[in-house]
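K.L.:
Sharing query_3.cif (mmCIF, C-alpha atoms and all ligand atoms) below.
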data_structure
#
loop_
_atom_site.label_atom_id
_atom_site.label_comp_id
_atom_site.auth_asym_id
_atom_site.auth_seq_id
_atom_site.Cartn_x
_atom_site.Cartn_y
_atom_site.Cartn_z
CA MET A 1 -100.02 -82.44 -31.44
CA SER A 2 -96.93 -81.64 -33.52
CA PRO A 3 -94.27 -84.34 -33.45
CA GLN A 4 -91.18 -83.87 -31.30
CA SER A 5 -87.79 -84.46 -32.89
CA ILE A 6 -84.84 -86.10 -31.19
CA GLY A 7 -81.25 -86.30 -32.36
CA VAL A 8 -79.82 -89.77 -32.91
CA VAL A 9 -76.06 -90.05 -33.30
CA MET A 10 -75.46 -92.94 -35.71
CA ASN A 11 -71.92 -94.37 -35.83
CA GLY A 12 -70.96 -96.95 -38.47
CA VAL A 13 -73.60 -96.01 -41.05
CA THR A 14 -71.25 -96.60 -43.98
CA GLY A 15 -71.24 -100.31 -43.07
CA ARG A 16 -73.58 -103.05 -44.30
CA MET A 17 -75.85 -103.13 -41.27
CA GLY A 18 -75.59 -99.48 -40.28
CA TYR A 19 -76.60 -98.26 -43.72
CA ARG A 20 -79.22 -100.66 -45.00
CA GLN A 21 -81.02 -101.96 -41.93
CA HIS A 22 -80.57 -99.14 -39.44
CA LEU A 23 -80.38 -95.90 -41.41
CA VAL A 24 -82.52 -96.65 -44.47
CA ARG A 25 -84.90 -99.40 -43.36
CA SER A 26 -85.35 -98.13 -39.78
CA VAL A 27 -84.60 -94.48 -38.97
CA LEU A 28 -85.45 -92.96 -42.36
CA ALA A 29 -88.40 -95.33 -42.78
CA ILE A 30 -89.74 -94.25 -39.39
CA ASN A 31 -89.57 -90.59 -40.43
CA GLU A 32 -91.28 -91.38 -43.73
CA GLN A 33 -94.20 -92.95 -41.88
CA GLY A 34 -94.51 -89.81 -39.73
CA GLY A 35 -92.46 -90.91 -36.73
CA VAL A 36 -92.79 -93.31 -33.82
CA THR A 37 -96.28 -93.31 -32.32
CA LEU A 38 -96.40 -92.95 -28.54
CA ALA A 39 -99.05 -94.31 -26.16
CA ASP A 40 -100.74 -90.89 -25.93
CA GLY A 41 -100.91 -90.57 -29.72
CA GLY A 42 -97.91 -88.20 -29.88
CA ARG A 43 -95.20 -88.73 -32.45
CA VAL A 44 -91.43 -88.70 -32.38
CA LEU A 45 -89.29 -87.96 -35.43
CA LEU A 46 -85.64 -89.00 -35.50
CA ARG A 47 -82.93 -86.56 -36.63
CA PRO A 48 -79.95 -88.68 -37.64
CA VAL A 49 -76.44 -87.32 -37.05
CA LEU A 50 -74.08 -89.46 -39.12
CA VAL A 51 -70.69 -90.22 -37.59
CA GLY A 52 -67.81 -92.09 -39.21
CA ARG A 53 -64.19 -92.00 -40.22
CA SER A 54 -64.52 -90.86 -43.83
CA ALA A 55 -65.84 -87.33 -44.45
CA GLU A 56 -66.20 -88.12 -48.12
CA LYS A 57 -68.44 -91.15 -47.56
CA LEU A 58 -70.53 -89.39 -44.92
CA GLU A 59 -71.05 -86.32 -47.06
CA ARG A 60 -72.14 -88.45 -50.00
CA LEU A 61 -74.52 -90.52 -47.84
CA ALA A 62 -75.98 -87.42 -46.20
CA GLY A 63 -76.46 -85.81 -49.61
CA GLU A 64 -78.17 -88.87 -51.06
CA HIS A 65 -80.69 -88.98 -48.23
CA GLY A 66 -81.12 -85.27 -47.51
CA ILE A 67 -79.54 -85.57 -44.04
CA ALA A 68 -78.27 -82.26 -42.65
CA ASP A 69 -75.92 -83.44 -39.91
CA TRP A 70 -72.74 -85.46 -40.22
CA THR A 71 -69.32 -85.34 -38.62
CA THR A 72 -66.10 -87.32 -38.28
CA ASP A 73 -65.78 -86.12 -34.68
CA LEU A 74 -67.79 -88.29 -32.29
CA ASP A 75 -67.15 -85.98 -29.31
CA THR A 76 -68.78 -83.04 -31.11
CA ALA A 77 -71.90 -85.10 -31.81
CA LEU A 78 -72.00 -86.34 -28.21
CA ALA A 79 -71.60 -82.81 -26.82
CA ASP A 80 -74.90 -81.68 -28.37
CA ASP A 81 -77.71 -81.95 -25.79
CA ALA A 82 -80.32 -82.27 -28.53
CA ASN A 83 -78.85 -85.68 -29.38
CA LEU A 84 -80.56 -88.03 -26.94
CA ILE A 85 -79.56 -91.38 -28.42
CA TYR A 86 -76.23 -92.87 -29.50
CA PHE A 87 -76.41 -95.80 -31.91
CA ASP A 88 -73.42 -97.99 -32.77
CA ALA A 89 -73.09 -100.33 -35.77
CA GLN A 90 -69.33 -100.08 -36.12
CA VAL A 91 -67.13 -103.13 -36.41
CA THR A 92 -67.41 -104.96 -33.10
CA GLN A 93 -63.89 -104.04 -32.03
CA ALA A 94 -64.60 -100.30 -32.14
CA ARG A 95 -67.80 -100.55 -30.09
CA VAL A 96 -66.75 -100.50 -26.42
CA LYS A 97 -64.68 -97.31 -26.56
CA ALA A 98 -67.35 -95.34 -28.44
CA VAL A 99 -70.23 -96.64 -26.32
CA LEU A 100 -68.39 -95.80 -23.10
CA ALA A 101 -67.82 -92.25 -24.37
CA ALA A 102 -71.52 -91.96 -25.20
CA ILE A 103 -72.55 -93.28 -21.77
CA GLU A 104 -70.19 -90.76 -20.18
CA ALA A 105 -71.91 -88.03 -22.22
CA GLY A 106 -75.27 -89.18 -20.79
CA LYS A 107 -76.74 -90.53 -24.05
CA HIS A 108 -79.19 -93.42 -24.16
CA ILE A 109 -77.49 -96.23 -26.07
CA TYR A 110 -78.68 -98.60 -28.74
CA ALA A 111 -76.06 -100.92 -30.24
CA GLU A 112 -75.54 -103.77 -32.64
CA LYS A 113 -74.61 -107.16 -31.28
CA PRO A 114 -72.23 -108.36 -29.99
CA THR A 115 -71.99 -105.42 -27.58
CA ALA A 116 -68.31 -106.30 -26.96
CA GLU A 117 -65.74 -108.95 -27.79
CA THR A 118 -65.46 -110.26 -24.22
CA HIS A 119 -68.00 -110.95 -21.50
CA GLY A 120 -66.00 -108.74 -19.14
CA ASP A 121 -66.31 -105.76 -21.49
CA ALA A 122 -69.99 -106.46 -22.20
CA LEU A 123 -70.73 -106.51 -18.45
CA ALA A 124 -68.70 -103.34 -17.96
CA LEU A 125 -70.91 -101.59 -20.54
CA ALA A 126 -74.07 -102.79 -18.77
CA GLU A 127 -72.71 -101.59 -15.43
CA ALA A 128 -71.54 -98.22 -16.78
CA ALA A 129 -74.95 -97.60 -18.37
CA ALA A 130 -76.75 -98.51 -15.14
CA ALA A 131 -74.42 -96.32 -13.05
CA ARG A 132 -74.95 -93.32 -15.37
CA GLY A 133 -78.72 -93.98 -15.46
CA VAL A 134 -78.96 -94.16 -19.25
CA LYS A 135 -81.28 -96.49 -21.11
CA ASN A 136 -79.60 -99.19 -23.12
CA GLY A 137 -80.55 -101.70 -25.77
CA VAL A 138 -78.99 -104.22 -28.09
CA VAL A 139 -80.20 -105.29 -31.53
CA GLN A 140 -81.97 -108.67 -31.30
CA ASP A 141 -83.56 -108.61 -34.74
CA LYS A 142 -84.14 -112.33 -35.20
CA LEU A 143 -86.94 -112.20 -32.61
CA PHE A 144 -88.95 -110.02 -34.99
CA LEU A 145 -88.63 -112.21 -38.07
CA PRO A 146 -92.03 -113.38 -39.35
CA GLY A 147 -90.97 -117.04 -39.18
CA LEU A 148 -89.89 -116.76 -35.55
CA LEU A 149 -92.96 -114.70 -34.63
CA LYS A 150 -95.11 -117.52 -35.98
CA LEU A 151 -93.04 -120.02 -34.01
CA LYS A 152 -93.57 -117.95 -30.86
CA ARG A 153 -97.29 -117.89 -31.59
CA LEU A 154 -97.29 -121.70 -31.78
CA ILE A 155 -95.42 -121.95 -28.47
CA ASP A 156 -97.77 -119.49 -26.76
CA GLY A 157 -100.78 -121.41 -28.12
CA GLY A 158 -99.52 -124.69 -26.65
CA PHE A 159 -99.15 -126.35 -30.06
CA PHE A 160 -96.06 -128.40 -29.20
CA GLY A 161 -97.14 -130.05 -25.95
CA ARG A 162 -93.81 -130.63 -24.17
CA ILE A 163 -90.94 -129.28 -26.28
CA LEU A 164 -88.17 -131.83 -26.58
CA SER A 165 -85.57 -130.41 -28.94
CA VAL A 166 -84.58 -127.59 -31.26
CA ARG A 167 -82.45 -128.15 -34.36
CA GLY A 168 -81.09 -125.02 -36.01
CA GLU A 169 -79.29 -124.78 -39.30
CA PHE A 170 -77.80 -121.40 -40.21
CA GLY A 171 -75.45 -120.57 -43.02
CA TYR A 172 -74.51 -120.30 -46.64
CA TRP A 173 -71.39 -120.34 -48.76
CA VAL A 174 -69.32 -117.17 -48.33
CA PHE A 175 -67.04 -116.97 -51.33
CA GLU A 176 -63.33 -117.06 -50.66
CA GLY A 177 -62.78 -113.86 -52.64
CA ASP A 178 -60.42 -115.27 -55.25
CA TRP A 179 -62.55 -116.02 -58.30
CA GLN A 180 -65.74 -114.39 -56.96
CA ASP A 181 -65.82 -111.50 -54.47
CA ALA A 182 -66.67 -112.46 -50.88
CA GLN A 183 -70.15 -111.25 -49.88
CA ARG A 184 -69.13 -110.42 -46.29
CA PRO A 185 -66.43 -108.01 -45.01
CA SER A 186 -63.03 -109.64 -44.51
CA TRP A 187 -62.71 -108.64 -40.83
CA ASN A 188 -65.28 -111.37 -40.09
CA TYR A 189 -62.62 -113.98 -40.89
CA ARG A 190 -59.82 -112.56 -38.69
CA THR A 191 -59.89 -113.15 -34.93
CA GLU A 192 -57.51 -110.22 -34.38
CA ASP A 193 -60.13 -107.92 -35.99
CA GLY A 194 -63.08 -109.18 -33.93
CA GLY A 195 -64.27 -111.78 -36.44
CA GLY A 196 -65.45 -115.38 -36.09
CA ILE A 197 -68.81 -117.06 -36.51
CA VAL A 198 -69.12 -117.95 -32.81
CA LEU A 199 -68.78 -114.31 -31.74
CA ASP A 200 -71.13 -113.31 -34.55
CA MET A 201 -73.88 -115.91 -34.21
CA PHE A 202 -73.89 -117.25 -30.62
CA PRO A 203 -75.18 -113.88 -29.31
CA HIS A 204 -78.13 -114.35 -31.69
CA TRP A 205 -78.71 -117.93 -30.53
CA ALA A 206 -78.55 -116.84 -26.87
CA TYR A 207 -81.49 -114.42 -27.16
CA VAL A 208 -83.47 -116.59 -29.60
CA LEU A 209 -83.24 -119.60 -27.27
CA GLU A 210 -83.82 -117.52 -24.13
CA ASN A 211 -86.87 -115.71 -25.48
CA LEU A 212 -88.54 -118.70 -27.11
CA PHE A 213 -87.52 -121.77 -25.13
CA GLY A 214 -85.56 -120.95 -21.98
CA ARG A 215 -82.12 -119.81 -20.91
CA VAL A 216 -79.06 -121.82 -21.90
CA THR A 217 -77.68 -123.88 -19.01
CA SER A 218 -74.73 -125.52 -20.76
CA VAL A 219 -72.86 -125.33 -24.04
CA TYR A 220 -70.67 -127.67 -26.05
CA ALA A 221 -69.27 -126.30 -29.28
CA GLN A 222 -66.79 -127.25 -31.90
CA ALA A 223 -65.55 -124.16 -33.74
CA VAL A 224 -63.60 -124.76 -36.93
CA THR A 225 -61.82 -122.77 -39.63
CA HIS A 226 -62.67 -124.74 -42.74
CA ILE A 227 -61.23 -122.20 -45.22
CA PRO A 228 -57.81 -121.09 -43.94
CA GLU A 229 -57.03 -118.52 -46.61
CA ARG A 230 -59.25 -115.88 -48.19
CA VAL A 231 -58.92 -112.80 -50.40
CA ASP A 232 -59.90 -109.39 -49.02
CA GLU A 233 -61.63 -106.29 -50.42
CA ARG A 234 -58.38 -105.08 -52.00
CA GLY A 235 -57.76 -108.40 -53.73
CA GLU A 236 -55.00 -109.39 -51.30
CA SER A 237 -54.87 -112.84 -49.84
CA TYR A 238 -54.91 -113.16 -46.03
CA ARG A 239 -54.90 -115.89 -43.40
CA ALA A 240 -58.40 -116.59 -42.06
CA THR A 241 -57.59 -116.86 -38.36
CA ALA A 242 -61.21 -116.92 -37.16
CA ASP A 243 -63.71 -119.79 -37.01
CA ASP A 244 -66.00 -119.96 -40.05
CA ALA A 245 -68.23 -122.78 -38.75
CA ALA A 246 -69.45 -123.84 -35.32
CA TYR A 247 -71.34 -126.97 -34.34
CA GLY A 248 -73.05 -126.32 -31.02
CA VAL A 249 -75.17 -128.22 -28.51
CA PHE A 250 -77.02 -126.16 -25.92
CA GLU A 251 -78.96 -127.47 -22.93
CA LEU A 252 -81.83 -125.23 -21.90
CA GLU A 253 -83.81 -124.68 -18.74
CA GLY A 254 -86.50 -127.35 -18.54
CA GLY A 255 -84.33 -129.96 -20.27
CA ILE A 256 -84.81 -128.93 -23.91
CA VAL A 257 -81.80 -129.81 -26.07
CA ALA A 258 -80.91 -127.34 -28.83
CA GLN A 259 -78.39 -128.18 -31.51
CA ILE A 260 -77.41 -125.38 -33.87
CA ASN A 261 -74.99 -125.47 -36.78
CA SER A 262 -73.64 -122.10 -37.89
CA SER A 263 -71.52 -122.01 -41.02
CA TRP A 264 -70.16 -119.76 -43.74
CA SER A 265 -68.78 -122.87 -45.41
CA VAL A 266 -71.98 -124.71 -46.25
CA ARG A 267 -74.12 -124.79 -49.37
CA VAL A 268 -77.81 -124.19 -48.84
CA ASN A 269 -80.15 -127.14 -49.31
CA ARG A 270 -83.02 -125.69 -47.29
CA ASP A 271 -85.83 -123.25 -47.98
CA GLU A 272 -84.24 -120.39 -46.03
CA LEU A 273 -80.81 -119.24 -44.80
CA VAL A 274 -81.76 -120.11 -41.26
CA GLU A 275 -84.23 -122.78 -40.17
CA PHE A 276 -85.18 -124.15 -36.78
CA GLN A 277 -86.98 -127.45 -36.36
CA VAL A 278 -88.79 -127.79 -33.05
CA ASP A 279 -90.09 -131.19 -31.98
CA GLY A 280 -92.65 -131.54 -29.22
CA THR A 281 -94.83 -134.33 -27.91
CA HIS A 282 -97.91 -132.96 -29.71
CA GLY A 283 -96.41 -131.52 -32.85
CA SER A 284 -93.38 -130.22 -34.70
CA ALA A 285 -92.56 -127.07 -36.63
CA VAL A 286 -89.89 -125.84 -39.01
CA ALA A 287 -89.48 -122.06 -38.88
CA GLY A 288 -87.32 -119.94 -41.16
CA LEU A 289 -86.93 -116.20 -41.68
CA ARG A 290 -90.40 -115.82 -43.18
CA ASN A 291 -92.23 -119.12 -43.19
CA CYS A 292 -93.21 -121.73 -40.68
CA ARG A 293 -94.55 -125.23 -41.37
CA ILE A 294 -96.10 -127.62 -38.88
CA GLN A 295 -96.97 -131.27 -38.47
CA HIS A 296 -99.42 -132.27 -35.76
CA ARG A 297 -99.21 -135.62 -33.94
CA ALA A 298 -102.49 -136.58 -35.62
CA THR A 299 -100.98 -136.20 -39.10
CA THR A 300 -97.58 -137.68 -38.30
CA PRO A 301 -96.74 -140.59 -40.64
CA LYS A 302 -95.41 -143.90 -39.29
CA PRO A 303 -92.27 -144.72 -41.27
CA VAL A 304 -90.69 -148.13 -40.84
CA TRP A 305 -86.98 -148.47 -41.45
CA ASN A 306 -86.41 -150.75 -44.41
CA PRO A 307 -83.50 -149.88 -46.70
CA ASP A 308 -84.54 -152.61 -49.14
CA LEU A 309 -87.59 -150.62 -50.26
CA PRO A 310 -87.76 -147.12 -51.80
CA ALA A 311 -89.34 -144.46 -49.56
CA THR A 312 -93.11 -144.70 -49.93
CA ALA A 313 -94.03 -141.35 -48.36
CA ARG A 314 -93.06 -137.88 -49.54
CA PHE A 315 -92.27 -136.67 -46.06
CA ARG A 316 -92.10 -132.95 -46.88
CA ASP A 317 -95.66 -133.06 -48.24
CA GLY A 318 -97.02 -133.93 -44.80
CA TRP A 319 -96.40 -130.43 -43.42
CA GLN A 320 -98.79 -127.50 -43.34
CA GLU A 321 -97.98 -123.80 -43.76
CA VAL A 322 -98.78 -121.54 -40.77
CA PRO A 323 -100.76 -118.52 -42.06
CA ASP A 324 -99.43 -114.99 -41.51
CA ASN A 325 -102.61 -113.75 -39.77
CA ALA A 326 -100.81 -110.41 -39.38
CA GLU A 327 -98.71 -107.90 -41.29
CA PHE A 328 -95.03 -108.19 -40.56
CA ASP A 329 -92.91 -105.04 -40.64
CA ASN A 330 -89.10 -104.92 -40.87
CA GLY A 331 -87.77 -106.40 -37.61
CA PHE A 332 -84.98 -103.83 -37.20
CA LYS A 333 -87.52 -101.02 -37.53
CA ILE A 334 -89.90 -102.58 -35.00
CA GLN A 335 -87.07 -102.80 -32.47
CA TRP A 336 -86.03 -99.16 -33.14
CA GLU A 337 -89.60 -98.06 -32.46
CA LEU A 338 -89.64 -100.02 -29.20
CA PHE A 339 -86.34 -98.45 -28.14
CA VAL A 340 -87.46 -94.91 -28.96
CA ARG A 341 -90.62 -95.47 -26.92
CA HIS A 342 -88.45 -96.85 -24.11
CA VAL A 343 -86.39 -93.64 -24.15
CA VAL A 344 -89.22 -91.16 -24.57
CA GLU A 345 -92.07 -92.64 -22.50
CA ASP A 346 -90.33 -95.39 -20.50
CA ALA A 347 -92.12 -98.21 -22.34
CA PRO A 348 -90.69 -101.65 -21.52
CA PHE A 349 -87.63 -102.82 -23.46
CA PRO A 350 -86.24 -106.17 -22.27
CA TYR A 351 -83.39 -106.32 -24.84
CA ASP A 352 -80.91 -104.45 -22.67
CA PHE A 353 -77.12 -104.55 -22.26
CA ALA A 354 -77.47 -107.25 -19.59
CA SER A 355 -79.11 -109.58 -22.12
CA GLY A 356 -76.49 -108.50 -24.67
CA ALA A 357 -73.80 -109.54 -22.18
CA ARG A 358 -75.41 -112.98 -21.81
CA GLY A 359 -75.02 -113.34 -25.59
CA VAL A 360 -71.34 -112.43 -25.47
CA ARG A 361 -70.88 -114.83 -22.55
CA LEU A 362 -72.36 -117.67 -24.60
CA ALA A 363 -69.92 -116.88 -27.43
CA GLU A 364 -67.01 -116.78 -25.00
CA LEU A 365 -68.03 -120.08 -23.39
CA GLY A 366 -68.60 -121.63 -26.84
CA LEU A 367 -65.06 -120.78 -27.90
CA ARG A 368 -63.67 -122.05 -24.59
CA SER A 369 -65.69 -125.25 -24.89
CA SER A 370 -64.24 -125.78 -28.34
CA ALA A 371 -60.68 -125.11 -27.22
CA GLU A 372 -60.99 -127.40 -24.18
CA GLY A 373 -63.08 -130.05 -25.93
CA ARG A 374 -65.71 -130.22 -23.20
CA ARG A 375 -69.20 -129.12 -22.25
CA LEU A 376 -69.33 -126.03 -20.02
CA PRO A 377 -72.06 -124.89 -17.64
CA VAL A 378 -73.64 -121.47 -18.14
CA GLU A 379 -74.31 -119.89 -14.74
CA PRO A 380 -77.87 -118.56 -14.23
N1 LIG B 401 -77.97 -107.93 -36.27
C1 LIG B 401 -77.45 -108.60 -37.27
O1 LIG B 401 -78.10 -109.48 -37.85
C2 LIG B 401 -76.06 -108.31 -37.75
C3 LIG B 401 -75.63 -108.77 -38.99
C4 LIG B 401 -74.35 -108.46 -39.43
C5 LIG B 401 -73.50 -107.72 -38.61
N2 LIG B 401 -73.94 -107.31 -37.39
C6 LIG B 401 -73.03 -106.52 -36.51
O2 LIG B 401 -72.96 -105.19 -37.01
C7 LIG B 401 -71.65 -104.67 -36.85
C8 LIG B 401 -71.15 -104.16 -38.21
O3 LIG B 401 -71.11 -105.23 -39.13
P1 LIG B 401 -71.16 -104.98 -40.71
O4 LIG B 401 -71.32 -106.32 -41.32
O5 LIG B 401 -72.10 -103.89 -41.00
O6 LIG B 401 -69.66 -104.49 -40.96
P2 LIG B 401 -69.08 -103.49 -42.05
O7 LIG B 401 -67.64 -103.81 -42.16
O8 LIG B 401 -69.91 -103.49 -43.28
O9 LIG B 401 -69.26 -102.04 -41.39
C9 LIG B 401 -68.47 -101.63 -40.31
C10 LIG B 401 -68.64 -100.16 -40.00
O10 LIG B 401 -67.75 -99.81 -38.93
C11 LIG B 401 -66.93 -98.73 -39.34
N3 LIG B 401 -65.63 -98.81 -38.64
C12 LIG B 401 -65.32 -98.13 -37.53
N4 LIG B 401 -64.09 -98.45 -37.12
C13 LIG B 401 -63.60 -99.34 -37.98
C14 LIG B 401 -62.36 -100.02 -38.08
N5 LIG B 401 -61.39 -99.83 -37.20
N6 LIG B 401 -62.19 -100.88 -39.11
C15 LIG B 401 -63.20 -101.09 -40.01
N7 LIG B 401 -64.39 -100.47 -39.94
C16 LIG B 401 -64.60 -99.60 -38.95
C17 LIG B 401 -66.87 -98.83 -40.84
O11 LIG B 401 -66.49 -97.60 -41.40
C18 LIG B 401 -68.29 -99.24 -41.18
O12 LIG B 401 -69.13 -98.10 -41.15
C19 LIG B 401 -70.81 -105.80 -36.26
O13 LIG B 401 -70.65 -105.61 -34.87
C20 LIG B 401 -71.63 -107.05 -36.51
O14 LIG B 401 -71.44 -108.04 -35.50
C21 LIG B 401 -75.18 -107.58 -36.97
#
Mind converting the file's structure to structure tokens?
Ligand SMILES: NC(=O)c1ccc[n+]([C@@H]2O[C@H](COP(=O)([O-])OP(=O)(O)OC[C@H]3O[C@@H](n4cnc5c(N)ncnc54)[C@H](O)[C@@H]3O)[C@@H](O)[C@H]2O)c1
P.N.:
Amino acid sequence: MSPQSIGVVMNGVTGRMGYRQHLVRSVLAINEQGGVTLADGGRVLLRPVLVGRSAEKLERLAGEHGIADWTTDLDTALADDANLIYFDAQVTQARVKAVLAAIEAGKHIYAEKPTAETHGDALALAEAAAARGVKNGVVQDKLFLPGLLKLKRLIDGGFFGRILSVRGEFGYWVFEGDWQDAQRPSWNYRTEDGGGIVLDMFPHWAYVLENLFGRVTSVYAQAVTHIPERVDERGESYRATADDAAYGVFELEGGIVAQINSSWSVRVNRDELVEFQVDGTHGSAVAGLRNCRIQHRATTPKPVWNPDLPATARFRDGWQEVPDNAEFDNGFKIQWELFVRHVVEDAPFPYDFASGARGVRLAELGLRSSAEGRRLPVEP
């Protein structure tokens, strides 16, 4: 059976995520491996059509990767019936307008998170996609990280007994841009440009918590701007109007309490840039991007609080590494393959615009909770 080829309009491929994770590590990597394998053994190749604002950048990118199709005119790309999928990794603020145009054109939609800046807009996208009958998906890459896959394996195997709490620590120091360049785009630090760590990270926490532990039933957050002034890509100083750290407490279905710190103003004293500690009656685990360590109740030490004596136990030594027991592929690529199979052969794909909208809602409620200084319920 010769592989079929489908056109994928890719908007925002000159950006960090669009280029590295989606174009190079997913779409081009899929073609290099011979396509997406379908249930009947057939294969699907992806023909990227690059869309963006700068002809110069697109032409260079296309040339570097031997890609035939690029355009600065989204409507032209959407008008071509051979293009079945529209993918969006633009800055968040540009997403809704472009996605609505693609839905209108009858394309199946795959998009970066957050799907919109407001819950109202995110729901409107979900409704428009449903009304037009197009398939829709949102990037939820953290679910496919090796560390979190191992954590999920532990949960499914009943390792924890009753899960009590989740403690997440995400972040690293993002340089202010004055004496060392910032390692993230400056729009992330301006609310008026769709920035802010709550809008960026709470959508991730919503699907991580929901898929592993249970839906969020309430949120309390304190969002802060620790660094009020930064220097942008052109070397000009600007006011950082968006939150660069958020300290959140989330109650989950079943009574689990999750507490997650998200910060671009923290120095890393952990093994990985994100880590989740899960404590249960029978055991605990600490999962990061790649690794996962556990401590069973039977090997749990019994410390006694006595500040007069030096610590006798080396607590970190009492944890055991969870083996891979599998080969882990790039998470973005795995999710692309799932979405392509969803489009072509109607395979299940639970990461739809409705779940994306729940992520945006959690961000919106987190910011409101912070502004009002109180815990807010999250409706089922
Ligand atoms: N899944 C993840 O882990 C993850 C990580 C980082 C970012 N993201 C999301 O991906 C999206 C892109 O983030 P990024 O870090 O790649 O950003 P980026 O600034 O590197 O790239 C943004 C892209 O959007 C394009 N663009 C379109 N309209 C624009 C405008 N008006 N102003 C500026 N750029 C415009 C740019 O040309 C560029 O191609 C965001 O929505 C972000 O929330 C997701």
K.L.:
Write as a tab-separated table (two decimals) with C-alpha atoms, keeping the file's coordinate frame the residues around ligand LIG 401 (chain B), taking 9 Å as the cut-off and counting all atoms listed in the file.
P.N.:
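Wrote it out as pocket21.tsv, contents follow:
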chain	number	residue	atom	x	y	z
A	11	ASN	CA	-71.92	-94.37	-35.83
A	12	GLY	CA	-70.96	-96.95	-38.47
A	13	VAL	CA	-73.60	-96.01	-41.05
A	14	THR	CA	-71.25	-96.60	-43.98
A	15	GLY	CA	-71.24	-100.31	-43.07
A	16	ARG	CA	-73.58	-103.05	-44.30
A	17	MET	CA	-75.85	-103.13	-41.27
A	18	GLY	CA	-75.59	-99.48	-40.28
A	19	TYR	CA	-76.60	-98.26	-43.72
A	20	ARG	CA	-79.22	-100.66	-45.00
A	21	GLN	CA	-81.02	-101.96	-41.93
A	51	VAL	CA	-70.69	-90.22	-37.59
A	52	GLY	CA	-67.81	-92.09	-39.21
A	53	ARG	CA	-64.19	-92.00	-40.22
A	54	SER	CA	-64.52	-90.86	-43.83
A	88	ASP	CA	-73.42	-97.99	-32.77
A	89	ALA	CA	-73.09	-100.33	-35.77
A	90	GLN	CA	-69.33	-100.08	-36.12
A	91	VAL	CA	-67.13	-103.13	-36.41
A	92	THR	CA	-67.41	-104.96	-33.10
A	93	GLN	CA	-63.89	-104.04	-32.03
A	94	ALA	CA	-64.60	-100.30	-32.14
A	95	ARG	CA	-67.80	-100.55	-30.09
A	111	ALA	CA	-76.06	-100.92	-30.24
A	112	GLU	CA	-75.54	-103.77	-32.64
A	113	LYS	CA	-74.61	-107.16	-31.28
A	114	PRO	CA	-72.23	-108.36	-29.99
A	115	THR	CA	-71.99	-105.42	-27.58
A	116	ALA	CA	-68.31	-106.30	-26.96
A	139	VAL	CA	-80.20	-105.29	-31.53
A	140	GLN	CA	-81.97	-108.67	-31.30
A	141	ASP	CA	-83.56	-108.61	-34.74
A	142	LYS	CA	-84.14	-112.33	-35.20
A	184	ARG	CA	-69.13	-110.42	-46.29
A	185	PRO	CA	-66.43	-108.01	-45.01
A	186	SER	CA	-63.03	-109.64	-44.51
A	187	TRP	CA	-62.71	-108.64	-40.83
A	188	ASN	CA	-65.28	-111.37	-40.09
A	193	ASP	CA	-60.13	-107.92	-35.99
A	194	GLY	CA	-63.08	-109.18	-33.93
A	195	GLY	CA	-64.27	-111.78	-36.44
A	199	LEU	CA	-68.78	-114.31	-31.74
A	200	ASP	CA	-71.13	-113.31	-34.55
A	201	MET	CA	-73.88	-115.91	-34.21
A	204	HIS	CA	-78.13	-114.35	-31.69
A	332	PHE	CA	-84.98	-103.83	-37.20
K.L.:
Between A:Ala39, A:Leu148, A:Val24, A:Ile30, single out the one closest to Gly66 in chain A, counting only C-alpha atoms.
P.N.:
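For Gly66 in chain A, the nearest of the candidates is A:Val24.
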K.L.:
At a cut-off of 10 Å, using all atoms listed in the file, what residues contact Ile85 in chain A? Leave out same-chain residues fewer than 6 positions from it and give the result as a list of chain:residue names.
P.N.:
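Close residues of Ile85 in chain A: A:Ile6, A:Gly7, A:Val8, A:Val9, A:Met10, A:Leu46, A:Pro48, A:Leu78, A:Ala102, A:Ile103, A:Gly106, A:Lys107, A:His108, A:Ile109, A:Tyr110, A:Val134, A:Lys135, A:Asn136, A:Phe339, A:Val340, A:Val343.
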K.L.:
Let me make sure I understand: among A:Ala221, A:Gly177, A:Gly41, A:Glu229, which one has the smallest atom-to-atom distance to Leu376 in chain A if we use only C-alpha atoms?
P.N.:
A:Ala221
K.L.:
Tell me which protein, DNA and RNA residues are within 10 Å of range 299-316 of chain A, counting only C-alpha atoms, leaving out same-chain ones fewer than 4 positions away, and put them as a ChimeraX atom specification.
P.N.:
/A:282-284,293-295,320
K.L.:
Write the residues you've just listed into a file as a tab-separated table (two decimals), in the coordinates of the input, and include C-alpha atoms for each of them.
P.N.:
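What ended up in result11.tsv:
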chain	number	residue	atom	x	y	z
A	282	HIS	CA	-97.91	-132.96	-29.71
A	283	GLY	CA	-96.41	-131.52	-32.85
A	284	SER	CA	-93.38	-130.22	-34.70
A	293	ARG	CA	-94.55	-125.23	-41.37
A	294	ILE	CA	-96.10	-127.62	-38.88
A	295	GLN	CA	-96.97	-131.27	-38.47
A	320	GLN	CA	-98.79	-127.50	-43.34
K.L.:
Between CA of Ala285 in chain A and CA of Leu151 in chain A, measure the distance and give it in Å to one decimal.
P.N.:
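Between CA of Ala285 in chain A and CA of Leu151 in chain A the gap is 7.5 Å.
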K.L.:
Considering all atoms listed in the file, state which residue in the set A:Phe213, A:Leu100, A:Arg297, A:Val174 is at the smallest distance from Asp156 in chain A.
P.N.:
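Result for the nearest residue to Asp156 in chain A: A:Phe213.
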K.L.:
Hey, which of A:Leu28, A:Leu61, A:Met1, A:Val198 ends up closest to Glu117 in chain A? Count all atoms listed in the file.
P.N.:
A:Val198
